[in-house]
>>> print(open('work.cif').read())   # mmCIF, C-alpha atoms
data_start
#
loop_
_atom_site.group_PDB
_atom_site.id
_atom_site.type_symbol
_atom_site.label_atom_id
_atom_site.label_comp_id
_atom_site.auth_asym_id
_atom_site.auth_seq_id
_atom_site.Cartn_x
_atom_site.Cartn_y
_atom_site.Cartn_z
ATOM 1 C CA MET G 1 265.614 146.143 -71.223
ATOM 2 C CA LYS G 2 265.189 143.138 -73.454
ATOM 3 C CA ARG G 3 261.711 142.578 -74.853
ATOM 4 C CA ILE G 4 260.065 139.330 -73.700
ATOM 5 C CA HIS G 5 259.486 136.923 -76.572
ATOM 6 C CA PHE G 6 256.682 134.336 -76.399
ATOM 7 C CA PRO G 7 257.582 131.413 -78.684
ATOM 8 C CA ILE G 8 254.723 129.844 -80.660
ATOM 9 C CA TYR G 9 255.373 126.416 -79.141
ATOM 10 C CA SER G 10 255.178 127.821 -75.589
ATOM 11 C CA ILE G 11 251.871 129.563 -76.380
ATOM 12 C CA ILE G 12 250.400 126.354 -77.859
ATOM 13 C CA ALA G 13 251.689 124.268 -74.909
ATOM 14 C CA PHE G 14 250.231 126.669 -72.314
ATOM 15 C CA VAL G 15 246.866 126.868 -74.134
ATOM 16 C CA MET G 16 246.691 123.042 -74.343
ATOM 17 C CA GLU G 17 247.621 122.786 -70.643
ATOM 18 C CA PHE G 18 244.869 125.304 -69.820
ATOM 19 C CA LEU G 19 242.274 123.319 -71.839
ATOM 20 C CA LEU G 20 243.294 120.072 -70.116
ATOM 21 C CA SER G 21 242.968 121.817 -66.729
ATOM 22 C CA ILE G 22 239.450 122.983 -67.629
ATOM 23 C CA PHE G 23 238.536 119.405 -68.613
ATOM 24 C CA VAL G 24 239.801 118.059 -65.264
ATOM 25 C CA PHE G 25 237.926 120.832 -63.402
ATOM 26 C CA ILE G 26 234.654 119.991 -65.218
ATOM 27 C CA ALA G 27 235.220 116.256 -64.605
ATOM 28 C CA ASP G 28 235.645 116.993 -60.891
ATOM 29 C CA LEU G 29 232.398 119.012 -60.804
ATOM 30 C CA LEU G 30 230.544 116.176 -62.560
ATOM 31 C CA LEU G 31 232.033 113.642 -60.151
ATOM 32 C CA ASP G 32 230.541 115.593 -57.238
ATOM 33 C CA LYS G 33 227.121 115.074 -58.881
ATOM 34 C CA GLY G 34 227.700 111.326 -59.272
ATOM 35 C CA ILE G 35 228.425 111.517 -63.013
ATOM 36 C CA TYR G 36 231.504 109.613 -64.181
ATOM 37 C CA PHE G 37 233.288 109.604 -67.524
ATOM 38 C CA TYR G 38 233.191 106.352 -69.465
ATOM 39 C CA THR G 39 235.859 105.662 -72.064
ATOM 40 C CA GLY G 40 234.047 102.777 -73.783
ATOM 41 C CA MET G 41 237.096 100.519 -73.406
ATOM 42 C CA SER G 42 237.169 97.841 -70.724
ATOM 43 C CA GLY G 43 240.872 98.203 -69.943
ATOM 44 C CA PHE G 44 241.112 102.004 -70.250
ATOM 45 C CA THR G 45 239.217 103.386 -67.282
ATOM 46 C CA THR G 46 238.577 106.887 -65.989
ATOM 47 C CA GLY G 47 241.684 106.572 -63.826
ATOM 48 C CA ASP G 48 243.806 105.758 -66.879
ATOM 49 C CA LEU G 49 242.296 108.775 -68.656
ATOM 50 C CA PHE G 50 243.263 111.119 -65.806
ATOM 51 C CA VAL G 51 246.798 109.714 -65.587
ATOM 52 C CA THR G 52 247.195 110.235 -69.352
ATOM 53 C CA ILE G 53 245.876 113.801 -69.101
ATOM 54 C CA PHE G 54 248.264 114.643 -66.256
ATOM 55 C CA LEU G 55 251.181 113.012 -68.074
ATOM 56 C CA ILE G 56 250.497 115.030 -71.240
ATOM 57 C CA GLY G 57 249.780 118.180 -69.215
ATOM 58 C CA GLY G 58 253.011 117.869 -67.243
ATOM 59 C CA GLY G 59 255.014 117.344 -70.425
ATOM 60 C CA LEU G 60 253.387 120.368 -72.068
ATOM 61 C CA LEU G 61 253.999 122.552 -69.017
ATOM 62 C CA VAL G 62 257.678 121.624 -68.630
ATOM 63 C CA SER G 63 258.452 121.824 -72.364
ATOM 64 C CA GLY G 64 256.553 125.130 -72.700
ATOM 65 C CA ILE G 65 258.503 126.642 -69.805
ATOM 66 C CA ALA G 66 261.791 125.278 -71.198
ATOM 67 C CA ASP G 67 261.107 126.800 -74.640
ATOM 68 C CA PHE G 68 260.103 130.141 -73.104
ATOM 69 C CA LEU G 69 263.228 130.259 -70.920
ATOM 70 C CA HIS G 70 265.478 129.239 -73.811
ATOM 71 C CA LYS G 71 264.266 132.234 -75.830
ATOM 72 C CA ASN G 72 264.236 134.778 -72.973
ATOM 73 C CA LEU G 73 266.707 133.932 -70.217
ATOM 74 C CA LYS G 74 270.475 134.279 -70.517
ATOM 75 C CA LEU G 75 271.541 132.639 -67.237
ATOM 76 C CA LYS G 76 271.962 128.964 -67.982
ATOM 77 C CA TRP G 77 272.008 127.853 -64.328
ATOM 78 C CA LEU G 78 268.723 129.692 -63.636
ATOM 79 C CA LYS G 79 267.108 128.046 -66.682
ATOM 80 C CA ILE G 80 268.129 124.612 -65.391
ATOM 81 C CA ILE G 81 266.822 125.283 -61.862
ATOM 82 C CA ILE G 82 263.431 126.542 -63.128
ATOM 83 C CA ILE G 83 263.049 123.614 -65.546
ATOM 84 C CA LEU G 84 263.987 121.094 -62.827
ATOM 85 C CA LEU G 85 261.502 122.682 -60.395
ATOM 86 C CA SER G 86 258.766 122.581 -63.051
ATOM 87 C CA ALA G 87 259.548 118.935 -63.784
ATOM 88 C CA LEU G 88 259.582 118.084 -60.063
ATOM 89 C CA ILE G 89 256.183 119.740 -59.488
ATOM 90 C CA SER G 90 254.745 117.890 -62.519
ATOM 91 C CA ILE G 91 256.131 114.565 -61.257
ATOM 92 C CA ILE G 92 254.653 115.152 -57.777
ATOM 93 C CA PHE G 93 251.218 115.941 -59.261
ATOM 94 C CA LEU G 94 251.431 112.885 -61.533
ATOM 95 C CA ALA G 95 252.386 110.674 -58.575
ATOM 96 C CA MET G 96 249.408 111.992 -56.575
ATOM 97 C CA VAL G 97 247.046 111.304 -59.496
ATOM 98 C CA MET G 98 248.487 107.812 -60.006
ATOM 99 C CA ILE G 99 248.109 106.969 -56.300
ATOM 100 C CA SER G 100 244.518 108.217 -56.171
ATOM 101 C CA THR G 101 243.534 106.416 -59.391
ATOM 102 C CA THR G 102 245.242 103.228 -58.266
ATOM 103 C CA LEU G 103 243.421 103.278 -54.933
ATOM 104 C CA PHE G 104 240.041 104.803 -55.757
ATOM 105 C CA MET G 105 239.160 104.198 -59.407
ATOM 106 C CA PRO G 106 237.925 101.038 -61.170
ATOM 107 C CA HIS G 107 240.566 99.039 -62.992
ATOM 108 C CA THR G 108 238.277 97.248 -65.447
ATOM 109 C CA TYR G 109 234.834 97.866 -66.935
ATOM 110 C CA VAL G 110 232.365 95.145 -67.895
ATOM 111 C CA GLU G 111 229.446 96.315 -70.048
ATOM 112 C CA LEU G 112 226.031 94.594 -69.879
ATOM 113 C CA LEU G 113 223.131 95.417 -72.220
ATOM 114 C CA SER G 114 219.538 94.650 -71.199
ATOM 115 C CA GLU G 115 217.464 92.304 -73.356
ATOM 116 C CA ASP G 116 215.386 95.184 -74.740
ATOM 117 C CA GLU G 117 218.611 97.210 -75.226
ATOM 118 C CA SER G 118 217.187 100.164 -73.266
ATOM 119 C CA HIS G 119 219.598 99.908 -70.314
ATOM 120 C CA ASN G 120 223.364 99.775 -70.572
ATOM 121 C CA ILE G 121 224.891 98.684 -67.260
ATOM 122 C CA ILE G 122 228.613 99.120 -66.562
ATOM 123 C CA ILE G 123 230.387 97.191 -63.811
ATOM 124 C CA GLY G 124 233.505 98.995 -62.596
ATOM 125 C CA GLU G 125 235.727 96.404 -60.918
ATOM 126 C CA ASP G 126 238.264 97.503 -58.347
ATOM 127 C CA CYS G 127 241.293 95.265 -58.076
ATOM 128 C CA TYR G 128 243.844 96.065 -55.375
ATOM 129 C CA PHE G 129 244.971 95.138 -51.859
ATOM 130 C CA PHE G 130 242.465 95.760 -49.075
ATOM 131 C CA SER G 131 239.761 96.983 -51.465
ATOM 132 C CA PRO G 132 236.892 98.273 -49.291
ATOM 133 C CA TYR G 133 234.455 96.608 -51.688
ATOM 134 C CA GLY G 134 234.491 94.838 -55.015
ATOM 135 C CA GLY G 135 233.438 97.727 -57.208
ATOM 136 C CA ASP G 136 230.602 99.868 -58.496
ATOM 137 C CA VAL G 137 227.589 99.365 -60.734
ATOM 138 C CA PHE G 138 226.762 102.213 -63.131
ATOM 139 C CA GLU G 139 224.167 102.912 -65.793
ATOM 140 C CA LYS G 140 225.402 104.533 -68.985
ATOM 141 C CA THR G 141 223.741 107.927 -69.584
ATOM 142 C CA SER G 142 225.497 108.966 -72.817
ATOM 143 C CA PHE G 143 228.303 107.752 -75.062
ATOM 144 C CA CYS G 144 230.895 109.046 -72.557
ATOM 145 C CA THR G 145 229.109 109.366 -69.167
ATOM 146 C CA MET G 146 227.583 107.045 -66.604
ATOM 147 C CA LYS G 147 225.883 107.423 -63.235
ATOM 148 C CA LYS G 148 226.566 105.276 -60.170
ATOM 149 C CA LEU G 149 223.690 103.023 -59.086
ATOM 150 C CA GLU G 150 225.145 100.752 -56.413
ATOM 151 C CA LYS G 151 228.287 99.065 -55.180
ATOM 152 C CA TYR G 152 228.987 95.353 -54.965
ATOM 153 C CA VAL G 153 231.050 93.481 -52.387
ATOM 154 C CA ALA G 154 233.885 91.060 -53.108
ATOM 155 C CA LYS G 155 235.396 89.160 -50.197
ATOM 156 C CA LYS G 156 238.807 88.658 -51.772
ATOM 157 C CA ASP G 157 241.541 91.088 -52.875
ATOM 158 C CA PHE G 158 242.294 91.295 -56.612
ATOM 159 C CA TYR G 159 239.097 89.393 -57.409
ATOM 160 C CA THR G 160 237.110 90.250 -60.549
ATOM 161 C CA PRO G 161 233.980 88.059 -60.764
ATOM 162 C CA PHE G 162 232.414 89.971 -63.674
ATOM 163 C CA SER G 163 235.529 89.976 -65.862
ATOM 164 C CA ASP G 164 235.902 86.267 -65.056
ATOM 165 C CA GLY G 165 232.292 85.580 -66.120
ATOM 166 C CA LYS G 166 231.248 84.332 -62.657
ATOM 167 C CA TYR G 167 227.886 86.084 -62.646
ATOM 168 C CA SER G 168 224.369 85.982 -64.068
ATOM 169 C CA ILE G 169 221.777 88.701 -64.522
ATOM 170 C CA THR G 170 217.994 88.813 -64.590
ATOM 171 C CA TRP G 171 216.441 91.794 -66.380
ATOM 172 C CA ASN G 172 213.127 93.060 -65.018
ATOM 173 C CA ALA G 173 210.936 95.993 -66.095
ATOM 174 C CA GLU G 174 211.921 98.351 -63.247
ATOM 175 C CA ASN G 175 215.152 96.758 -62.021
ATOM 176 C CA PHE G 176 217.686 94.004 -62.558
ATOM 177 C CA GLU G 177 219.164 91.295 -60.331
ATOM 178 C CA LEU G 178 222.870 90.535 -60.279
ATOM 179 C CA PHE G 179 224.000 87.142 -59.008
ATOM 180 C CA TYR G 180 227.755 86.721 -58.637
ATOM 181 C CA ASP G 181 230.489 84.727 -56.929
ATOM 182 C CA SER G 182 231.805 87.057 -54.199
ATOM 183 C CA ASP G 183 234.663 84.921 -52.863
ATOM 184 C CA GLY G 184 235.956 82.802 -55.746
ATOM 185 C CA ASP G 185 234.552 79.459 -54.550
ATOM 186 C CA GLY G 186 232.534 78.912 -57.746
ATOM 187 C CA GLU G 187 229.141 79.560 -56.104
ATOM 188 C CA LYS G 188 227.050 82.596 -57.071
ATOM 189 C CA ASP G 189 226.511 83.450 -53.422
ATOM 190 C CA GLU G 190 225.681 87.181 -53.609
ATOM 191 C CA LYS G 191 222.598 88.840 -55.063
ATOM 192 C CA ILE G 192 221.914 92.556 -55.596
ATOM 193 C CA LEU G 193 218.590 94.019 -56.723
ATOM 194 C CA ILE G 194 219.229 97.356 -58.448
ATOM 195 C CA GLU G 195 216.745 99.839 -59.875
ATOM 196 C CA TYR G 196 217.407 101.527 -63.202
ATOM 197 C CA LEU G 197 217.884 105.268 -63.409
ATOM 198 C CA PRO G 198 214.546 107.141 -63.609
#
>>> encode(input="work.cif", output="structure tokens")
Amino acid sequence: MKRIHFPIYSIIAFVMEFLLSIFVFIADLLLDKGIYFYTGMSGFTTGDLFVTIFLIGGGLLVSGIADFLHKNLKLKWLKIIIILLSALISIIFLAMVMISTTLFMPHTYVELLSEDESHNIIIGEDCYFFSPYGGDVFEKTSFCTMKKLEKYVAKKDFYTPFSDGKYSITWNAENFELFYDSDGDGEKDEKILIEYLP
């Protein structure tokens, strides 16, 4: 019986895939507690981060399996079938992640800093057809995490009042007031009073 050989690349790919899986698992646990990751870039949101992780993870998984099979399996047709199945499973998972991030994650972040610089507010703007609301308001809790405070309503699909600068903010000691244009008519017709995190 031929001894199974584990190529170095396959080992590295599987370890990296395992570490990425642990990161996604921890992110999911934090999400259940209302803690979200924040990338610090307005156009690279949490959804983009997860899509990138799944894209890299899928590539590592398929290439690691392909390298392992190349070194250990003689039947060429079986190698091809296993690699194609691995690629298909990775593509299905990636498609599921892309659909969920497209439908349920913010597409743009707008960062607002209070006058005394003690509160860093992040507006996560959703931007898609039939959005159930305009987006979420978060407070930054560390360099890479934020906690959800409130949601805001937009009455128009693909509308981003905060990115477009159609808002104003009043900073108070215990809370802040957001005034914004909810329907694109140029009037700041919505107001939300939001308390800071304790």
>>> resolve_selection(input="work.cif", expression="the PyMOL selection byres ((chain G and resi 90) around 10)", output="list in words")
Phe54, Leu55, Gly57, Gly58, Gly59, Leu60, Leu61, Val62, Leu84, Leu85, Ser86, Ala87, Leu88, Ile89, Ile91, Ile92, Phe93, Leu94, Ala95 and Met96 of chain G
>>> closest_residue(input="work.cif", among="G:Tyr152, G:Phe138, G:Phe23, G:Phe158", to="Ile53 in chain G", atoms="only C-alpha atoms")
G:Phe23
>>> residues_around(input="work.cif", residues="range 117-121 of chain G", least_positions_apart="3", cutoff="9 Å", atoms="only C-alpha atoms", output="ChimeraX atom specification")
/G:110-114,137-141,146,196-197
>>> atom_distance(input="work.cif", atom1="CA of Ser182 in chain G", atom2="CA of Lys155 in chain G")
5.8 Å
>>> resolve_selection(input="work.cif", expression="the PyMOL selection byres ((chain G and resi 190) around 7)", output="list in words")
Phe179, Tyr180, Asp181, Ser182, Lys188, Asp189, Lys191 and Ile192 of chain G
>>> closest_residue(input="work.cif", among="G:Tyr36, G:Tyr159, G:Leu78, G:Ile99", to="Ser142 in chain G", atoms="only C-alpha atoms")
G:Tyr36
>>> resolve_selection(input="work.cif", expression="the PyMOL selection byres ((chain G and resi 160) around 10)", output="PyMOL selection string")
chain G and resi 107-108+124-127+134-135+154+156-159+161-166+181-184
>>> atom_distance(input="work.cif", atom1="CA of Ile12 in chain G", atom2="CA of Leu31 in chain G")
28.5 Å
>>> residues_around(input="work.cif", residues="Glu195 in chain G", least_positions_apart="2", cutoff="10 Å", atoms="only C-alpha atoms", output="JSON, numbers by chain")
{"G": [139, 149, 150, 172, 173, 174, 175, 176, 177, 192, 193, 197, 198]}
>>> atom_distance(input="work.cif", atom1="CA of Phe6 in chain G", atom2="CA of Ala66 in chain G")
11.6 Å
>>> closest_residue(input="work.cif", among="G:Tyr109, G:Ser168, G:Ile8, G:Phe18", to="Gly43 in chain G", atoms="all atoms listed in the file")
G:Tyr109
>>> closest_residue(input="work.cif", among="G:Ser21, G:Asn72, G:Ser63, G:Thr46", to="His5 in chain G", atoms="only C-alpha atoms")
G:Asn72
>>> residues_around(input="work.cif", residues="Thr39 in chain G", least_positions_apart="5", cutoff="8 Å", atoms="only C-alpha atoms", output="list in words")
Phe44, Thr45, Thr46, Leu49 and Cys144 of chain G
